[in-house]
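S.K.: Take a look at coords.txt, compact mmCIF, C-alpha atoms:
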```txt
# COMPACT_ATOMS: atom_id res chain seq x y z
CA MET A 26 126.45 20.10 102.15
CA PHE A 27 122.96 20.61 100.75
CA PRO A 28 122.91 23.27 98.05
CA ASP A 29 119.54 24.35 99.38
CA ALA A 30 117.27 26.82 97.75
CA ARG A 31 117.06 28.54 101.15
CA ILE A 32 120.79 28.95 101.74
CA ASP A 33 121.29 29.69 98.06
CA GLY A 34 118.61 32.36 98.28
CA TYR A 35 120.31 34.03 101.22
CA MET A 36 123.76 33.87 99.62
CA THR A 37 122.38 35.04 96.30
CA ASP A 38 120.90 38.16 97.74
CA CYS A 39 123.67 39.03 100.16
CA SER A 40 126.27 38.66 97.45
CA GLY A 41 124.14 40.36 94.83
CA ILE A 42 124.07 37.35 92.48
CA GLY A 43 120.35 37.87 92.04
CA SER A 44 121.01 41.35 90.68
CA ILE A 45 123.35 40.23 87.90
CA LYS A 46 122.14 41.52 84.59
CA GLY A 47 123.77 39.51 81.82
CA SER A 48 122.81 37.53 78.78
CA LEU A 49 121.53 34.59 80.89
CA PRO A 50 118.45 34.75 83.17
CA SER A 51 119.53 35.65 86.75
CA TRP A 52 118.50 32.27 88.20
CA LYS A 53 121.04 30.53 85.93
CA TYR A 54 123.83 32.68 87.37
CA GLU A 55 122.85 31.41 90.81
CA PHE A 56 123.24 27.79 89.70
CA LEU A 57 126.54 28.55 87.94
CA ILE A 58 128.13 30.47 90.81
CA ILE A 59 126.88 28.30 93.69
CA GLY A 60 127.70 25.16 91.66
CA ALA A 61 131.22 26.43 91.01
CA LEU A 62 131.68 27.16 94.74
CA CYS A 63 130.59 23.58 95.53
CA CYS A 64 133.11 22.20 93.04
CA ILE A 65 135.89 24.32 94.50
CA TRP A 66 134.96 23.14 98.00
CA GLY A 67 135.15 19.55 96.75
CA ILE A 68 138.70 20.14 95.53
CA VAL A 69 139.64 21.76 98.86
CA MET A 70 138.27 18.76 100.77
CA PHE A 71 140.13 16.37 98.45
CA ILE A 72 143.42 18.10 99.15
CA PHE A 73 143.09 18.84 102.85
CA LEU A 74 140.83 16.14 104.31
CA PRO A 75 143.07 13.32 105.60
CA ASP A 76 142.35 9.77 104.44
CA SER A 77 142.63 8.30 107.91
CA PRO A 78 143.58 9.35 111.46
CA VAL A 79 146.99 7.73 110.94
CA THR A 80 147.92 10.02 108.04
CA ALA A 81 146.35 13.19 109.48
CA LYS A 82 149.00 15.92 109.63
CA GLY A 83 147.38 18.15 112.24
CA LEU A 84 147.09 15.53 114.99
CA THR A 85 149.63 14.79 117.72
CA ARG A 86 150.60 11.20 118.46
CA ASP A 87 148.21 11.07 121.42
CA GLU A 88 145.36 12.47 119.36
CA LYS A 89 146.03 9.91 116.64
CA ARG A 90 145.92 7.17 119.25
CA MET A 91 142.60 8.48 120.54
CA ALA A 92 141.14 8.58 117.04
CA VAL A 93 142.30 5.03 116.32
CA GLN A 94 140.92 3.90 119.70
CA ARG A 95 137.52 5.23 118.63
CA LEU A 96 137.76 3.12 115.47
CA ARG A 97 138.64 0.11 117.58
CA GLU A 98 135.45 0.59 119.58
CA ASN A 99 133.11 0.90 116.64
CA GLN A 100 134.89 -1.86 114.69
CA THR A 101 134.60 -0.12 111.33
CA GLY A 102 138.36 -0.21 110.62
CA VAL A 103 140.62 2.01 108.49
CA GLU A 104 141.37 2.25 104.81
CA ASN A 105 142.21 -0.86 102.82
CA LYS A 106 142.95 -0.66 99.12
CA HIS A 107 142.02 -4.18 98.06
CA LEU A 108 138.74 -4.98 96.35
CA LYS A 109 137.09 -7.92 98.05
CA TRP A 110 134.44 -9.59 95.93
CA HIS A 111 132.94 -11.55 98.80
CA GLN A 112 132.19 -8.22 100.49
CA VAL A 113 130.47 -7.00 97.32
CA ARG A 114 128.41 -10.21 97.22
CA GLU A 115 127.55 -9.91 100.89
CA ALA A 116 126.48 -6.31 100.31
CA PHE A 117 123.91 -7.36 97.74
CA LEU A 118 122.66 -10.18 99.94
CA ASP A 119 122.22 -7.84 102.91
CA VAL A 120 118.70 -6.53 103.51
CA LYS A 121 120.16 -3.29 104.92
CA LEU A 122 121.38 -2.27 101.47
CA TYR A 123 117.85 -2.43 100.11
CA LEU A 124 116.44 -0.61 103.12
CA PHE A 125 118.95 2.19 102.47
CA PHE A 126 117.97 2.30 98.76
CA LEU A 127 114.35 2.76 99.70
CA LEU A 128 115.33 5.39 102.27
CA GLY A 129 117.31 7.25 99.63
CA VAL A 130 114.27 7.29 97.37
CA VAL A 131 111.62 8.26 99.92
CA CYS A 132 113.85 10.86 101.58
CA ASN A 133 114.42 12.74 98.35
CA VAL A 134 111.03 12.62 96.66
CA PRO A 135 109.69 15.31 99.03
CA ASN A 136 112.93 17.27 98.76
CA GLY A 137 112.48 17.74 95.05
CA GLY A 138 109.02 19.17 95.38
CA ILE A 139 109.03 21.04 98.69
CA SER A 140 111.59 23.71 97.82
CA ASN A 141 109.76 24.54 94.59
CA PHE A 142 106.48 24.46 96.48
CA GLY A 143 107.76 26.80 99.18
CA THR A 144 108.76 29.36 96.58
CA LEU A 145 105.26 29.13 95.10
CA ILE A 146 103.61 29.81 98.46
CA ILE A 147 105.87 32.78 99.13
CA GLN A 148 105.30 34.16 95.64
CA GLY A 149 101.60 34.02 96.44
CA PHE A 150 102.14 36.86 98.91
CA GLY A 151 102.95 39.09 95.97
CA PHE A 152 106.13 40.67 97.33
CA SER A 153 109.09 41.76 95.24
CA THR A 154 111.67 39.17 94.14
CA LEU A 155 114.11 40.35 96.82
CA VAL A 156 111.57 40.00 99.68
CA THR A 157 110.37 36.67 98.30
CA THR A 158 113.92 35.32 98.40
CA LEU A 159 114.55 36.77 101.87
CA MET A 160 111.46 34.98 103.19
CA GLN A 161 113.31 31.74 102.55
CA VAL A 162 115.90 32.76 105.17
CA PRO A 163 113.81 31.73 108.24
CA TYR A 164 113.42 28.32 106.63
CA GLY A 165 117.20 28.01 106.33
CA ILE A 166 117.61 29.10 109.95
CA ILE A 167 115.06 26.49 111.09
CA ILE A 168 116.95 23.82 109.17
CA ALA A 169 120.31 24.88 110.66
CA ILE A 170 118.96 24.97 114.22
CA SER A 171 117.18 21.62 113.91
CA ILE A 172 120.31 19.97 112.53
CA LEU A 173 122.38 21.37 115.42
CA ILE A 174 119.81 20.21 118.00
CA CYS A 175 119.61 16.81 116.34
CA VAL A 176 123.39 16.34 116.33
CA TYR A 177 123.67 17.46 119.97
CA LEU A 178 120.89 15.08 121.09
CA ASN A 179 122.43 12.25 119.10
CA ASN A 180 125.78 12.84 120.78
CA ARG A 181 124.18 12.95 124.22
CA PHE A 182 122.18 9.72 123.95
CA VAL A 183 123.38 6.31 122.81
CA ASN A 184 121.51 4.27 120.18
CA LYS A 185 118.61 6.65 119.82
CA ARG A 186 119.15 7.64 116.18
CA CYS A 187 116.05 5.92 114.83
CA LEU A 188 113.97 7.53 117.57
CA PHE A 189 115.31 10.99 116.70
CA ILE A 190 114.67 10.41 112.99
CA LEU A 191 111.06 9.61 113.77
CA LEU A 192 110.78 12.62 116.10
CA PHE A 193 112.20 15.01 113.53
CA LEU A 194 109.84 13.62 110.89
CA VAL A 195 106.76 14.49 112.94
CA PRO A 196 106.76 18.28 112.18
CA ASN A 197 107.26 17.44 108.54
CA ILE A 198 104.24 15.15 108.39
CA ALA A 199 102.19 17.77 110.26
CA GLY A 200 103.36 20.49 107.84
CA ALA A 201 102.56 18.30 104.84
CA PHE A 202 99.01 17.64 106.06
CA GLY A 203 98.66 21.38 106.69
CA LEU A 204 99.80 22.19 103.17
CA ARG A 205 97.20 19.80 101.82
CA PHE A 206 94.22 20.88 103.92
CA VAL A 207 94.77 24.49 105.04
CA PRO A 208 92.69 26.74 102.72
CA ALA A 209 94.53 28.74 100.08
CA ASP A 210 93.40 32.08 101.53
CA ARG A 211 95.22 31.37 104.79
CA GLN A 212 98.59 32.39 103.40
CA ILE A 213 100.35 32.81 106.73
CA GLY A 214 99.10 29.41 107.93
CA ARG A 215 100.41 27.77 104.76
CA LEU A 216 103.73 29.56 105.18
CA MET A 217 104.03 28.20 108.74
CA CYS A 218 103.22 24.71 107.45
CA TYR A 219 105.98 25.12 104.90
CA TYR A 220 108.44 26.21 107.59
CA LEU A 221 107.45 23.12 109.61
CA THR A 222 108.93 20.94 106.89
CA GLY A 223 112.42 22.23 107.79
CA PRO A 224 113.41 19.69 110.50
CA TYR A 225 113.11 16.95 107.92
CA ASN A 226 116.69 17.80 106.83
CA ALA A 227 117.92 16.94 110.32
CA ALA A 228 116.28 13.52 109.98
CA PHE A 229 118.06 13.05 106.67
CA VAL A 230 121.44 13.88 108.24
CA LEU A 231 120.79 11.08 110.75
CA VAL A 232 119.78 8.68 107.97
CA LEU A 233 123.15 9.30 106.32
CA SER A 234 124.93 8.63 109.60
CA LEU A 235 122.99 5.37 110.01
CA GLN A 236 124.32 4.26 106.67
CA THR A 237 128.01 4.87 107.52
CA ALA A 238 127.80 3.52 111.04
CA ASN A 239 126.16 0.24 110.17
CA THR A 240 128.40 -1.08 107.42
CA ALA A 241 131.93 -2.28 108.09
CA GLY A 242 134.53 -3.08 105.48
CA HIS A 243 137.10 -0.60 104.34
CA THR A 244 136.27 2.52 102.39
CA LYS A 245 138.33 5.29 100.94
CA LYS A 246 136.57 8.27 102.65
CA VAL A 247 137.63 10.88 100.18
CA VAL A 248 136.27 8.86 97.23
CA THR A 249 133.00 8.30 99.13
CA ASN A 250 132.72 12.01 99.91
CA ALA A 251 133.49 12.93 96.30
CA VAL A 252 130.80 10.49 95.09
CA LEU A 253 128.44 11.88 97.72
CA PHE A 254 129.00 15.45 96.52
CA LEU A 255 128.63 14.36 92.90
CA GLY A 256 125.38 12.62 93.77
CA TYR A 257 123.94 15.59 95.64
CA CYS A 258 125.01 18.12 93.01
CA ALA A 259 123.55 15.98 90.23
CA GLY A 260 120.38 15.37 92.24
CA ASN A 261 119.97 19.02 93.11
CA VAL A 262 120.12 20.22 89.51
CA ARG A 263 116.40 19.69 89.44
CA ARG A 264 114.42 20.68 86.42
CA PRO A 265 113.89 24.35 87.23
CA THR A 266 111.08 24.65 84.71
CA SER A 267 108.84 22.34 86.77
CA VAL A 268 105.83 23.83 88.60
CA GLY A 269 106.03 26.86 86.30
CA LEU A 270 108.51 28.71 88.50
CA TYR A 271 111.26 29.64 86.15
CA PRO A 272 110.81 30.83 82.58
CA GLN A 273 112.30 28.65 79.82
CA MET B 24 138.37 1.34 91.33
CA TYR B 25 138.79 0.20 94.92
CA VAL B 26 135.31 0.04 96.34
CA ALA B 27 133.97 -1.95 99.26
CA ARG B 28 130.58 -2.34 100.86
CA PRO B 29 130.06 1.05 102.55
CA ALA B 30 131.10 2.91 99.39
CA LEU B 31 128.81 0.68 97.32
CA ALA B 32 125.89 1.42 99.64
CA PHE B 33 126.58 5.15 99.36
CA ILE B 34 126.93 5.14 95.56
CA LEU B 35 123.74 3.15 95.03
CA ASN B 36 121.89 5.29 97.59
CA GLU B 37 122.97 8.43 95.75
CA MET B 38 121.80 7.02 92.40
CA PHE B 39 118.35 6.34 93.77
CA ALA B 40 118.34 9.64 95.64
CA ASP B 41 119.08 11.50 92.41
CA LEU B 42 116.38 9.60 90.52
CA SER B 43 113.84 10.46 93.18
CA GLN B 44 114.93 14.11 93.44
CA ILE B 45 114.48 14.44 89.70
CA SER B 46 111.11 12.69 89.83
CA GLY B 47 109.80 14.60 92.88
CA PRO B 48 108.69 17.80 91.14
CA PHE B 49 106.81 15.84 88.48
CA PHE B 50 104.13 15.01 91.03
CA TYR B 51 103.28 18.71 91.26
CA LEU B 52 100.93 19.21 88.30
CA THR B 53 100.11 22.80 87.40
CA SER B 54 96.50 21.74 86.80
CA GLN B 55 96.20 21.03 90.53
CA ALA B 56 97.24 24.48 91.73
CA PRO B 57 97.12 25.76 94.47
CA TYR B 58 96.70 22.60 96.54
CA TYR B 59 98.74 20.20 94.35
CA GLU B 60 96.94 17.19 95.81
CA LEU B 61 99.09 14.61 94.05
CA GLY B 62 102.29 16.40 94.97
CA ILE B 63 101.49 16.83 98.67
CA TRP B 64 100.13 13.29 98.97
CA SER B 65 103.37 12.02 97.38
CA MET B 66 105.23 13.86 100.13
CA ILE B 67 102.98 12.48 102.89
CA VAL B 68 103.21 8.92 101.55
CA SER B 69 107.01 9.23 101.27
CA HIS B 70 107.26 10.32 104.90
CA LEU B 71 104.98 7.55 106.12
CA LEU B 72 107.03 5.03 104.13
CA GLU B 73 110.16 6.46 105.72
CA VAL B 74 108.61 5.97 109.17
CA CYS B 75 107.89 2.30 108.29
CA ILE B 76 111.40 1.70 106.94
CA ILE B 77 113.12 3.31 109.92
CA SER B 78 110.93 1.34 112.35
CA THR B 79 111.79 -1.90 110.50
CA PHE B 80 115.47 -0.99 110.62
CA TRP B 81 115.25 -0.22 114.34
CA ILE B 82 113.61 -3.56 115.13
CA LEU B 83 116.02 -5.58 112.94
CA MET B 84 119.15 -3.92 114.34
CA SER B 85 118.15 -4.10 117.99
CA ARG B 86 117.23 -7.79 117.56
CA GLU B 87 120.55 -8.53 115.88
CA ASN B 88 122.47 -6.74 118.64
CA LYS B 89 120.64 -8.73 121.30
CA ARG B 90 121.34 -11.96 119.41
CA ARG B 91 125.05 -11.15 119.26
CA ASP B 92 125.15 -10.17 122.94
CA LYS B 93 123.53 -13.50 123.82
CA ILE B 94 125.95 -15.55 121.70
CA GLN B 95 129.00 -13.73 123.03
CA SER B 96 127.94 -13.81 126.67
CA GLU B 97 127.74 -17.59 126.41
CA MET B 98 131.23 -17.82 124.97
CA GLU B 99 134.36 -18.15 127.05
CA GLY B 100 135.05 -14.91 128.93
CA GLY B 101 131.60 -13.53 128.23
CA LEU B 102 131.08 -10.02 126.86
CA ARG B 103 133.88 -8.48 128.89
CA GLY B 104 136.43 -11.02 127.70
CA ARG B 105 135.95 -10.20 124.02
CA ASP B 106 139.07 -9.61 122.00
CA LEU B 107 138.17 -6.40 120.18
CA ASP B 108 141.70 -5.84 118.86
CA SER B 109 141.75 -8.97 116.71
CA THR B 110 138.76 -7.84 114.67
CA ALA B 111 138.92 -4.04 114.80
CA PHE B 112 141.36 -3.62 111.91
CA ALA B 113 140.88 -6.93 110.15
CA ASP B 114 138.71 -5.48 107.36
CA MET B 115 135.77 -7.71 108.23
CA THR B 116 132.22 -6.91 107.31
CA ASP B 117 129.57 -6.36 109.97
CA ARG B 118 128.20 -9.85 109.32
CA GLU B 119 131.58 -11.58 109.57
CA ASN B 120 132.64 -9.72 112.68
CA LEU B 121 130.72 -10.90 115.72
CA ASN B 122 132.18 -8.06 117.80
CA PHE B 123 130.37 -5.52 115.61
CA ARG B 124 127.29 -3.90 117.11
CA TYR B 125 124.77 -2.04 115.03
CA ILE B 126 123.89 1.55 115.81
CA TYR B 127 120.23 2.40 115.72
```
Could you show the structure in this file as structure tokens?
M.R.:
Amino acid sequence: MFPDARIDGYMTDCSGIGSIKGSLPSWKYEFLIIGALCCIWGIVMFIFLPDSPVTAKGLTRDEKRMAVQRLRENQTGVENKHLKWHQVREAFLDVKLYLFFLLGVVCNVPNGGISNFGTLIIQGFGFSTLVTTLMQVPYGIIIAISILICVYLNNRFVNKRCLFILLFLVPNIAGAFGLRFVPADRQIGRLMCYYLTGPYNAAFVLVLSLQTANTAGHTKKVVTNAVLFLGYCAGNVRRPTSVGLYPQ
Amino acid sequence: MYVARPALAFILNEMFADLSQISGPFFYLTSQAPYYELGIWSMIVSHLLEVCIISTFWILMSRENKRRDKIQSEMEGGLRGRDLDSTAFADMTDRENLNFRYIY
């Protein structure tokens, strides 16, 4: 879901994208190929992801009943195609909407800078391009493991999402303070501080789930997912020339 | 375009998320290498703001849930006698639907 620099880096090197020698700089090929894969995945999801449990082809009648029962419990309902203006008005009068705006902003300001920053730290070691990219792999693994732990804990405990968000933010804050105050000659220490900022992605996954779980009113899930993918793809085409990392 | 509240929240969240993702790297000035004081402080401040927002959200949602539990327990039938079926698929918002409980 997140076209991360870390996962991109791993895929780029395992698939040899980083070794492409063409008329464009090699980092542009990475954006083109990974971006194209994301678009194709979006089309696959559009075709195969069912709109609601009722229309899902792969479920038996009992499974459909169970899925609908779950909806009955959380009171969020199923798809409804009519635009209701009073719901739009209520949305703008609801303080939660503004809290989620602010969360969207503050959750992504670090994201823009930290992946560029991590590459800078690793480049400071002076390894070859291949090794520099491979050193992003542990970061990706930390992110994957923390997301899995976070989802498992969230499933196990009821109504503890905010607590887990705060818990998973703690390593990030510690890592950020480390990046600010650990001296530049302590390269390994700074690298560890950078890796500590990984669990932050798990917190963000929970923030997204807070948003869906706490608004009721009908939504077309495929449209929402398509908009979500559009938003993330657009947001992740960050200016690669920032922080002097990529040549013009 | 058929859009209702949750989709609206998502779309607007994504717009602001994209704006902030684009703006993030601009805090990292090359003149401040290798510590990038402004950049790292922007990250620290963002996280501390996130902590404040999540804590506010937690308090608001748990209070609202308790308020709803109190109102419904005083109604006929109490909490157990609630008719969940009448509201589950009625396309009501979380504010309209008293059976709705926030997840925090």
S.K.: Skip B:Glu87 itself and residues of its chain fewer than 6 positions away, then list as number ranges by chain all residues within 12 Å of it, counting all atoms listed in the file.
M.R.: A: 239; B: 80-81, 93-94, 117-118, 121-127
S.K.: Could you tell me how far atom CA of A:Leu128 sits from atom CA of B:Ala30, in Å to one decimal place?
M.R.: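 Separating atom CA of B:Ala30 from atom CA of A:Leu128 is a distance of 16.2 Å.
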S.K.: Given the choices A:Ile72, A:Ile58, A:Leu124, A:Leu221, which gets closest to chain B if the distance is worked out from only C-alpha atoms?
M.R.: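 When distances to chain B are compared using only C-alpha atoms, the smallest one comes from A:Leu124.
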S.K.: Around the point (107.2, 7.4, 105.2), in the coordinates given by the file, pick out the residues reaching within 10 Å, counting only C-alpha atoms, and return them as a PyMOL selection string.
M.R.: (chain A and resi 128+131-132+191+194+198) or (chain B and resi 65-77)
S.K.: Report, in Å with one decimal, the straight-line distance from atom CA of A:Val113 to atom CA of B:Ala111.
M.R.: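 So the two atoms, atom CA of A:Val113 and atom CA of B:Ala111, lie 19.6 Å apart.
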S.K.: As an exercise, work out the distance from atom CA of B:Asp106 to atom CA of A:Gln94 in Å and give it to one decimal place.
M.R.: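 Straight-line distance from atom CA of B:Asp106 to atom CA of A:Gln94 works out to 13.8 Å.
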S.K.: Find the residue from A:Val156, A:Ala116, A:Ala169, A:Ile59 that sits nearest to chain B; use all atoms listed in the file when measuring.
M.R.: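 Of all the options, A:Ala116 lies closest to chain B.
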